[in-house]
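Remarks on the structure that follows.
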Amino acid sequence: MVDLRVIFVNAAAGRVFGRDPHEAVGRGLLELLPAAEQLGVFEFCVNSLVTGKPGVMRLPPVNRDGVVTLFDLSTAVFGDELVAVAHDITSTLVVEERRRAVLESMLDPHVLLQAVRDHDGAIVDFEYADANPAACDYLGMVSEDLVGARLLDLLPGQAGSGMLALYADAVESGDPLVLDDYAYPHEILLDERRYDIRAVRVGDALSFTWRDVTDRHRQGEALAASEARYRLLAENASDVVVQSSPDGTIEWVSGSVTALLGWQPSDVIGRRAFGYLHPDDVPAIVVARGRLAQGEALRFEARVRRSDGDYRWVASHVRPVLDASGVVTGWVAGWRDVHDQHLAAAALADSEDLFRTAMDNSAVGMCLVAPDGGFLRVNAALCRMFGRTADELMAATWQEITHPEDVGVDQALVNQILAGDRETYRLRKRYLRPDEDVVWGDLSVSCVRYSDGTVRHLISQIIDVTEMQQAMLAVQEAEERFRLLAENATDAVLHARDGVMMWLSPSLTIVLGWTPEDWVGHRFEEFTHPDDVAVAQACRNEISAGGSPITRLRLRDATGDFHWVEVHAAAFVGRDGTTDGIAASVRIIDAQVQAERVLQNRVRYDELTGLLNRAEVFERLRVLVNQQRRTGHDIAVAFCDLDEFKQINDTHGHQMGDHVLQTVADDMRTLLRDEDLIARIGGDEILLVLTGVHGLEGAVDVARKVLDRVGQPHRYREIAYAPRLSIGVTLLGRGEDPDDVIARADRAMYAAKQAGGNQVRTA
């Protein structure tokens with residue numbers, strides 16, 4: 001047979017092969033398509049015509065206007081006529097190639113099991129129709145040997161174990177097969193293994209994947225339960241993932257955008273991400289976009305518009321997607337809900353503003369004083385008391401406005417605070433106004449220290465007691481006037497001789513609930529807290545040495561409770577000038593003590609974990625930078641971030657999240673040395689400052705010990721968990737800015753998290 005005569009060509013075939021259908025009729029196939037013989041098309045058609053059997057062959061690619069199209073040619077015979085139909089299979093092959101790419105990229109083994117049936121239609125075996133590289137690697141077989149093999153030939157135990165029946169039921173019923181932690185004595189691996197198995201019906205076959213979880217099972221029931229919960233968290237993560245083009249147009253977004261912002265994915269795809277940002281937040285982000293164009297990642301917090309029109313604070317981590325030449329082809333961003341944290345931070349800032357406002361508007365003179373005596377901050381009440389403007393006070397020192405006779409005693413008390421021998425003191429002293437008038441002030445001083453114990457600044461409260469002091473001087477000259485004042489004072493006043501109470505003012509009842517008769521004849525120490533008895537005795541000794549101490553201690557009230565009091569004591573001098581025991585005033589200062597403690601703790605510590613807060617650790621790190629210049633010792637910074645912490649909060653509530661943070665903090669405190677610093681600097685971010693380490697390797701060793709200690713199993717109520725950390729470690733360079741070293745450690749931490757978390761990375 002030398003050729004085939006064409007008797008009909010439809011329009012579609014003419015377009016495919018570039019021929020006019022009318023001109024093609026009556027001509028030979030080889031005349032129309034000379035390449036048909038070389039490509040085997042002519043032989044294929046002749047064979048179908050001779051044998052009378054239909055056939056299918058894949059044609060070479062056809063280039064139509066620059067678009068490559070693939071066809072399958074199928075034939076059918078009717079007498080001595082042959083019908084040939086070309087089917088466009090381009091889309092089918094693209095889908096198949098994508099499916100193959102997905103399968104080959106899967107980390108878990110995956111196979112396609114084709115059902116093998118007997119004459120009655122019952123499934124008696126399965127044949128491996130396809131397998132991804134992970135499946136071949138796991139079974140130790142190449143694809144050519146595995147594909148086409150029978151299941152029971154490789155794994156005969158599948159029949160006796162009941163697995164074959166389960167597979168068959170999944171094919172017949174169409175119900176997915178889900179098995180977790182399934183035990184199977186594997187014939188190829190010669191070991192009993194544990195598997196998580198997933199299988200779904202595809203036609204008359206099973207799409208079958210498995211994961212070897214033997215190691216997980218061997219970690220025990222508690223760890224298995226924890227892993228199941230972790231898997232649930234991972235599958236239901238609430239973080240939103242966004243993929244966009246270089247101009248910011250959203251190309252894809254995860255379904256969790258609905259839970260976070262109320263939008264359906266279809267609502268936002270095709271729109272620019274900037275269109276959802278609060279207008280006030282756009283300018284700063286536009287400026288930062290230049291860093292993305294240079295290939296840098298970008299972190300920021302901004303308000304994103306919800307579907308109901310409200311805005312919600314979202315933390316965004318954006319990184320550019322680069323092609324092989326380094327050109328930015330798009331962006332991928334992760335959005336995390338930080339609305340509540342942002343509101344809490346704003347509330348804290350408001351609280352600090354409220355404190356500053358309270359100080360500025362207090363009726364009591366208040367100031368912050370540098371260790372050398374210079375004023376750092378003063379309020380209006382202090383300016384009025386001293387008759388000076390704020391600028392005049394800020395240019396002076398307390399020594400310059402103190403009466404010369406009182407500078408020595410005040411400076412001695414300040415020196416004791418600077419030396420670390422005391423934390424507070426109270427003193428009644430004289431100040432000089434510009435008009436040379438003398439102002440008596442009741443001075444209360446406490447301090448705030450750096451991490452190395454040195455004083456950062458002093459906090460002073462000064463009450464104008466000029467009139468009170470003048471009255472007390474008058475009382476010393478006239479006992480009757482003194483008694484009148486004492487009996488009507490809000491402070492309790494007492495007179496003691498040889499440590500025994502001789503007289504007390506009626507205000508004792510108001511202050512501590514006792515009647516004066518309850519104390520008369522008793523020693524002061526009988527009502528003093530056991531831990532403060534030595535303080536009371538030291539006060540008496542100071543009076544005996546000619547001093548007039550102001551002491552803080554705790555006294556028992558009539559109900560048995562103890563209260564903090566300030567005792568202003570001095571020798572009692574009679575009319576004849578002889579000393580007759582001690583006179584003292586007692587004032588309740590519970591609120592003042594509590595306020596000072598709260599203020600200092602708020603300044604330095606995180607309330608939840610008891611760790612240093614962000615501001616405090618940054619301040620201490622700067623001190624260490626200065627020390628390092630002198631000592632040359634290595635200092636390392638480790639930036640720690642709890643993996644999957646958001647999922648813990650979302651699934652089990654913030655109480656468990658708080659418990660996890662406290663547990664991690666306790667474990668770190670137990671492991672690290674006293675000279676190391678531990679601080680909570682964010683919601684789930686903890687910073688470690690390791691001093692005296694032996695290079696980066698030594699710091700990494702410590703970080704890995706932290707990872708091991710923190711990762712031990714714990715239990716909260718009935719929930720078992722094992723915290724995971726991503727840790728970035730770096731060394732502090734000589735004289736390096738702390739912000740730079742922390743940023744470097746943060747980048748290393750993020751690399752650890754991107755690599756799967758629960759590991760240490762260095763920078």
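Ordering of the structure tokens sets the chain letters (A, B, ...); residue numbers start at 1 within each chain; ligands are numbered from 1 in the order shown.
Every protein, DNA or RNA residue with an atom at most 12 Å from A:Ser173, where only C-alpha atoms count and chain neighbours fewer than 3 positions away do not, is listed here: Ala165, Leu166, Tyr167, Ala168, Asp169, Ala170, Pro176, Leu177, Val200, Arg201, Val202, Gly203, Asp204 and Leu206 of chain A.
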Restricting it to N, CA and C atoms, dump the selection as a PDB file, in the first residue's frame.
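To be explicit, this is the file written out as selection_10.pdb:
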```pdb
ATOM      1  N   ALA A 165      -8.325  -6.332  53.616  1.00  0.00           N
ATOM      2  CA  ALA A 165      -9.779  -6.155  53.696  1.00  0.00           C
ATOM      3  C   ALA A 165     -10.141  -4.688  53.877  1.00  0.00           C
ATOM      4  N   LEU A 166      -9.342  -3.968  54.665  1.00  0.00           N
ATOM      5  CA  LEU A 166      -9.614  -2.546  54.859  1.00  0.00           C
ATOM      6  C   LEU A 166      -9.427  -1.774  53.549  1.00  0.00           C
ATOM      7  N   TYR A 167      -8.371  -2.110  52.797  1.00  0.00           N
ATOM      8  CA  TYR A 167      -8.152  -1.451  51.520  1.00  0.00           C
ATOM      9  C   TYR A 167      -9.321  -1.718  50.570  1.00  0.00           C
ATOM     10  N   ALA A 168      -9.741  -2.986  50.517  1.00  0.00           N
ATOM     11  CA  ALA A 168     -10.836  -3.353  49.629  1.00  0.00           C
ATOM     12  C   ALA A 168     -12.119  -2.621  50.010  1.00  0.00           C
ATOM     13  N   ASP A 169     -12.380  -2.517  51.316  1.00  0.00           N
ATOM     14  CA  ASP A 169     -13.587  -1.825  51.776  1.00  0.00           C
ATOM     15  C   ASP A 169     -13.548  -0.348  51.380  1.00  0.00           C
ATOM     16  N   ALA A 170     -12.355   0.264  51.447  1.00  0.00           N
ATOM     17  CA  ALA A 170     -12.237   1.667  51.063  1.00  0.00           C
ATOM     18  C   ALA A 170     -12.561   1.852  49.582  1.00  0.00           C
ATOM     19  N   PRO A 176     -13.043   7.167  53.006  1.00  0.00           N
ATOM     20  CA  PRO A 176     -11.587   7.297  53.204  1.00  0.00           C
ATOM     21  C   PRO A 176     -11.102   6.346  54.308  1.00  0.00           C
ATOM     22  N   LEU A 177      -9.903   5.849  54.136  1.00  0.00           N
ATOM     23  CA  LEU A 177      -9.281   4.998  55.157  1.00  0.00           C
ATOM     24  C   LEU A 177      -8.320   5.856  55.970  1.00  0.00           C
ATOM     25  N   VAL A 200      -7.611   7.153  49.954  1.00  0.00           N
ATOM     26  CA  VAL A 200      -8.905   7.531  49.388  1.00  0.00           C
ATOM     27  C   VAL A 200      -9.052   6.854  48.027  1.00  0.00           C
ATOM     28  N   ARG A 201     -10.302   6.584  47.672  1.00  0.00           N
ATOM     29  CA  ARG A 201     -10.582   5.896  46.406  1.00  0.00           C
ATOM     30  C   ARG A 201     -10.386   6.835  45.225  1.00  0.00           C
ATOM     31  N   VAL A 202      -9.737   6.316  44.185  1.00  0.00           N
ATOM     32  CA  VAL A 202      -9.605   7.012  42.907  1.00  0.00           C
ATOM     33  C   VAL A 202      -9.987   6.012  41.832  1.00  0.00           C
ATOM     34  N   GLY A 203     -11.245   6.074  41.365  1.00  0.00           N
ATOM     35  CA  GLY A 203     -11.713   5.075  40.414  1.00  0.00           C
ATOM     36  C   GLY A 203     -11.738   3.709  41.076  1.00  0.00           C
ATOM     37  N   ASP A 204     -11.030   2.753  40.468  1.00  0.00           N
ATOM     38  CA  ASP A 204     -10.939   1.406  41.054  1.00  0.00           C
ATOM     39  C   ASP A 204      -9.575   1.221  41.707  1.00  0.00           C
ATOM     40  N   LEU A 206      -6.646   2.978  44.903  1.00  0.00           N
ATOM     41  CA  LEU A 206      -6.494   3.717  46.156  1.00  0.00           C
ATOM     42  C   LEU A 206      -5.303   4.666  46.037  1.00  0.00           C
TER      43      LEU A 206
END
```
From stretch 24-224 of chain A, collect each residue whose DSSP state is strand (DSSP E) and return the set as number ranges by chain.
-> A: 55-58, 62-64, 67-69, 71-78, 81-88, 110-117, 123-131, 177-186, 191-202, 205-212
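Relative to atom CA of A:Arg336, atom CA of A:Ala259 is found at 11.4 Å.
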Write out as a VMD selection string the residues lying within 9 Å of A:Arg27, counting only C-alpha atoms and excluding same-chain residues fewer than 3 positions away.
-> chain A and resid 4 to 7 23 to 24 30 to 32
Print the selection's residues with all heavy atoms to a file, as a compact mmCIF listing (two decimals), in the first residue's frame.
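Writing the result to result27.txt gives the following:
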```txt
# COMPACT_ATOMS: atom_id res chain seq x y z
N LEU A 4 -2.75 6.56 1.11
CA LEU A 4 -4.16 6.51 1.50
C LEU A 4 -4.82 7.76 0.96
O LEU A 4 -4.32 8.88 1.15
CB LEU A 4 -4.31 6.46 3.03
CG LEU A 4 -3.75 5.21 3.72
CD1 LEU A 4 -3.80 5.39 5.23
CD2 LEU A 4 -4.54 3.97 3.32
N ARG A 5 -5.98 7.59 0.29
CA ARG A 5 -6.66 8.73 -0.29
C ARG A 5 -7.60 9.36 0.73
O ARG A 5 -8.37 8.65 1.39
CB ARG A 5 -7.44 8.30 -1.54
CG ARG A 5 -8.10 9.49 -2.29
CD ARG A 5 -8.60 9.04 -3.65
NE ARG A 5 -9.57 7.97 -3.51
CZ ARG A 5 -10.90 8.19 -3.34
NH1 ARG A 5 -11.35 9.41 -3.30
NH2 ARG A 5 -11.72 7.16 -3.24
N VAL A 6 -7.53 10.68 0.87
CA VAL A 6 -8.37 11.41 1.82
C VAL A 6 -9.72 11.68 1.18
O VAL A 6 -9.79 12.23 0.07
CB VAL A 6 -7.71 12.74 2.21
CG1 VAL A 6 -8.62 13.52 3.15
CG2 VAL A 6 -6.35 12.49 2.86
N ILE A 7 -10.82 11.28 1.87
CA ILE A 7 -12.16 11.49 1.32
C ILE A 7 -12.94 12.51 2.16
O ILE A 7 -14.00 12.97 1.72
CB ILE A 7 -12.94 10.16 1.24
CG1 ILE A 7 -13.11 9.57 2.64
CG2 ILE A 7 -12.24 9.18 0.32
CD1 ILE A 7 -13.97 8.30 2.63
N GLU A 23 -9.52 21.48 -0.36
CA GLU A 23 -8.39 21.15 -1.22
C GLU A 23 -7.78 19.81 -0.86
O GLU A 23 -7.15 19.15 -1.69
CB GLU A 23 -7.33 22.24 -1.13
CG GLU A 23 -7.77 23.59 -1.66
CD GLU A 23 -6.68 24.64 -1.51
OE1 GLU A 23 -5.62 24.28 -0.95
OE2 GLU A 23 -6.88 25.79 -1.94
N ALA A 24 -7.95 19.37 0.40
CA ALA A 24 -7.34 18.11 0.84
C ALA A 24 -8.10 16.90 0.33
O ALA A 24 -7.52 15.81 0.14
CB ALA A 24 -7.28 18.08 2.35
N LEU A 30 0.19 11.02 2.06
CA LEU A 30 1.60 11.37 1.99
C LEU A 30 1.81 12.62 1.15
O LEU A 30 2.78 13.37 1.35
CB LEU A 30 2.42 10.21 1.44
CG LEU A 30 2.47 8.96 2.32
CD1 LEU A 30 3.27 7.86 1.64
CD2 LEU A 30 3.06 9.30 3.67
N GLU A 31 0.89 12.86 0.19
CA GLU A 31 0.99 14.07 -0.61
C GLU A 31 0.70 15.31 0.24
O GLU A 31 1.35 16.33 0.11
CB GLU A 31 0.01 14.00 -1.79
CG GLU A 31 0.05 15.24 -2.71
CD GLU A 31 -1.02 15.18 -3.78
OE1 GLU A 31 -1.73 14.15 -3.85
OE2 GLU A 31 -1.16 16.16 -4.51
N LEU A 32 -0.32 15.17 1.13
CA LEU A 32 -0.70 16.30 1.99
C LEU A 32 0.31 16.49 3.13
O LEU A 32 0.68 17.62 3.46
CB LEU A 32 -2.09 16.08 2.58
CG LEU A 32 -3.25 16.16 1.60
CD1 LEU A 32 -4.54 15.76 2.29
CD2 LEU A 32 -3.38 17.59 1.06
```
Using only C-alpha atoms, which residues sit within 7 Å of stretch 512-518 of chain A once same-chain residues fewer than 4 positions away are excluded, as a list in words?
-> Leu504, Ser505, Pro506, Leu508, Asp557 and Ala558 of chain A
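One finds atom CA of A:Leu107 at 13.5 Å from atom CA of A:Val213.
The spacing separating atom CA of A:Met163 from atom CA of A:Leu151 amounts to 11.0 Å.
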For A:Ser726, please output as an mmCIF file with N, CA, C and O atoms, in the first residue's frame all residues within 8 Å (counting only C-alpha atoms; exclusion window: fewer than 6 positions along the same chain).
```cif
data_model
loop_
_atom_site.group_PDB
_atom_site.id
_atom_site.type_symbol
_atom_site.label_atom_id
_atom_site.label_comp_id
_atom_site.auth_asym_id
_atom_site.auth_seq_id
_atom_site.Cartn_x
_atom_site.Cartn_y
_atom_site.Cartn_z
ATOM 1 N N CYS A 640 15.268 33.846 71.670
ATOM 2 C CA CYS A 640 14.448 32.638 71.737
ATOM 3 C C CYS A 640 13.000 32.976 71.407
ATOM 4 O O CYS A 640 12.476 33.978 71.896
ATOM 5 N N ASP A 641 12.364 32.126 70.604
ATOM 6 C CA ASP A 641 10.950 32.324 70.276
ATOM 7 C C ASP A 641 10.251 30.970 70.394
ATOM 8 O O ASP A 641 10.717 29.970 69.838
ATOM 9 N N LEU A 642 9.137 30.942 71.148
ATOM 10 C CA LEU A 642 8.392 29.702 71.335
ATOM 11 C C LEU A 642 7.720 29.298 70.021
ATOM 12 O O LEU A 642 7.000 30.093 69.413
ATOM 13 N N ASP A 643 7.962 28.064 69.576
ATOM 14 C CA ASP A 643 7.313 27.562 68.375
ATOM 15 C C ASP A 643 5.849 27.260 68.666
ATOM 16 O O ASP A 643 5.508 26.726 69.727
ATOM 17 N N MET A 749 17.360 33.559 64.735
ATOM 18 C CA MET A 749 16.199 32.837 65.289
ATOM 19 C C MET A 749 15.184 32.560 64.197
ATOM 20 O O MET A 749 14.625 31.470 64.107
ATOM 21 N N TYR A 750 14.952 33.567 63.344
ATOM 22 C CA TYR A 750 13.960 33.369 62.294
ATOM 23 C C TYR A 750 14.415 32.286 61.316
ATOM 24 O O TYR A 750 13.601 31.503 60.816
ATOM 25 N N ALA A 752 16.155 29.686 62.160
ATOM 26 C CA ALA A 752 15.863 28.426 62.861
ATOM 27 C C ALA A 752 14.396 28.076 62.746
ATOM 28 O O ALA A 752 14.023 26.918 62.521
ATOM 29 N N LYS A 753 13.530 29.063 62.848
ATOM 30 C CA LYS A 753 12.087 28.811 62.767
ATOM 31 C C LYS A 753 11.706 28.393 61.352
ATOM 32 O O LYS A 753 10.885 27.490 61.167
ATOM 33 N N GLY A 757 12.014 24.903 63.193
ATOM 34 C CA GLY A 757 11.936 25.212 64.620
ATOM 35 C C GLY A 757 12.617 24.156 65.477
ATOM 36 O O GLY A 757 13.197 23.164 65.003
ATOM 37 N N ASN A 758 12.598 24.407 66.803
ATOM 38 C CA ASN A 758 13.198 23.504 67.791
ATOM 39 C C ASN A 758 14.673 23.250 67.466
ATOM 40 O O ASN A 758 15.146 22.126 67.518
ATOM 41 N N GLN A 759 15.403 24.325 67.165
ATOM 42 C CA GLN A 759 16.819 24.197 66.844
ATOM 43 C C GLN A 759 17.520 25.532 67.068
ATOM 44 O O GLN A 759 16.887 26.545 67.330
ATOM 45 N N VAL A 760 18.838 25.474 66.968
ATOM 46 C CA VAL A 760 19.679 26.648 67.218
ATOM 47 C C VAL A 760 20.369 27.029 65.911
ATOM 48 O O VAL A 760 20.910 26.169 65.209
#
```
